[in-house]
Amino acid sequence: MVERYKPQQAVGYMRPPVHTRFKKGQSGNPRGRRREPVTVAAVVAEELQSTVFITENGQRSKTNKLRLLFKQVMNRAITGNCQPLVLALKILDTLERLNKTSTKKHPRTNPYDDIDITKLSLDEKMKKLKEMIANSKPLDKY
């Protein structure tokens with residue numbers, strides 16, 4: 001039998017041109033898998049879920065920043081400054097909308113979506129805030 005002569009530079013099935021082949025020791029995917037773009041909502045949510053140590057009544061305890069934020073907001077609301085509470089609720093609602101878009105299976109229904117808080121009087125704002133707090137889920141459910 002006569003062996004056919006095949007040059008080393010042969011191009012065809014399973015034999016790409018030499019200049020496009022992977023070099024020895026070089027990865028076929030040097031930059032790696034594409035990363036998901038980082039969103040502001042993801043950064044804020046991650047930061048609010050991180051834990052911190054606080055000293056309260058002489059005892060050191062570990063809690064997440066979201067719980068600590070709402071503790072401070074509620075303390076200010078009790079003293080009569082409701083603006084931080086309104087702002088925190090708006091931020092949380094915006095984060096929820098960014099993270100959980102409504103679907104047919106899980107529609108998002110919020111009775112407060114159509115209310116413009118800036119146009120309400122102080123008494124109406126307080127009444128709406130009390131309703132929102134009474135109808136909201138406990139923080140452990142988030």
# chains A, B, ... in the order shown; residues from 1 in each chain; ligands from 1
call {"tool": "residues_around", "arguments": {"residues": "Cys82 in chain A", "least_positions_apart": "4", "cutoff": "12 Å", "atoms": "only C-alpha atoms", "output": "ChimeraX atom specification"}}
result
/A:72-78,86-89,122-123,125-130
call {"tool": "atom_distance", "arguments": {"atom1": "CA of Leu120 in chain A", "atom2": "CA of Met132 in chain A"}}
result
14.9 Å
call {"tool": "residues_around", "arguments": {"residues": "Leu48 in chain A", "least_positions_apart": "6", "cutoff": "7 Å", "atoms": "only C-alpha atoms", "output": "list in words"}}
result
Asn64, Lys65 and Leu66 of chain A
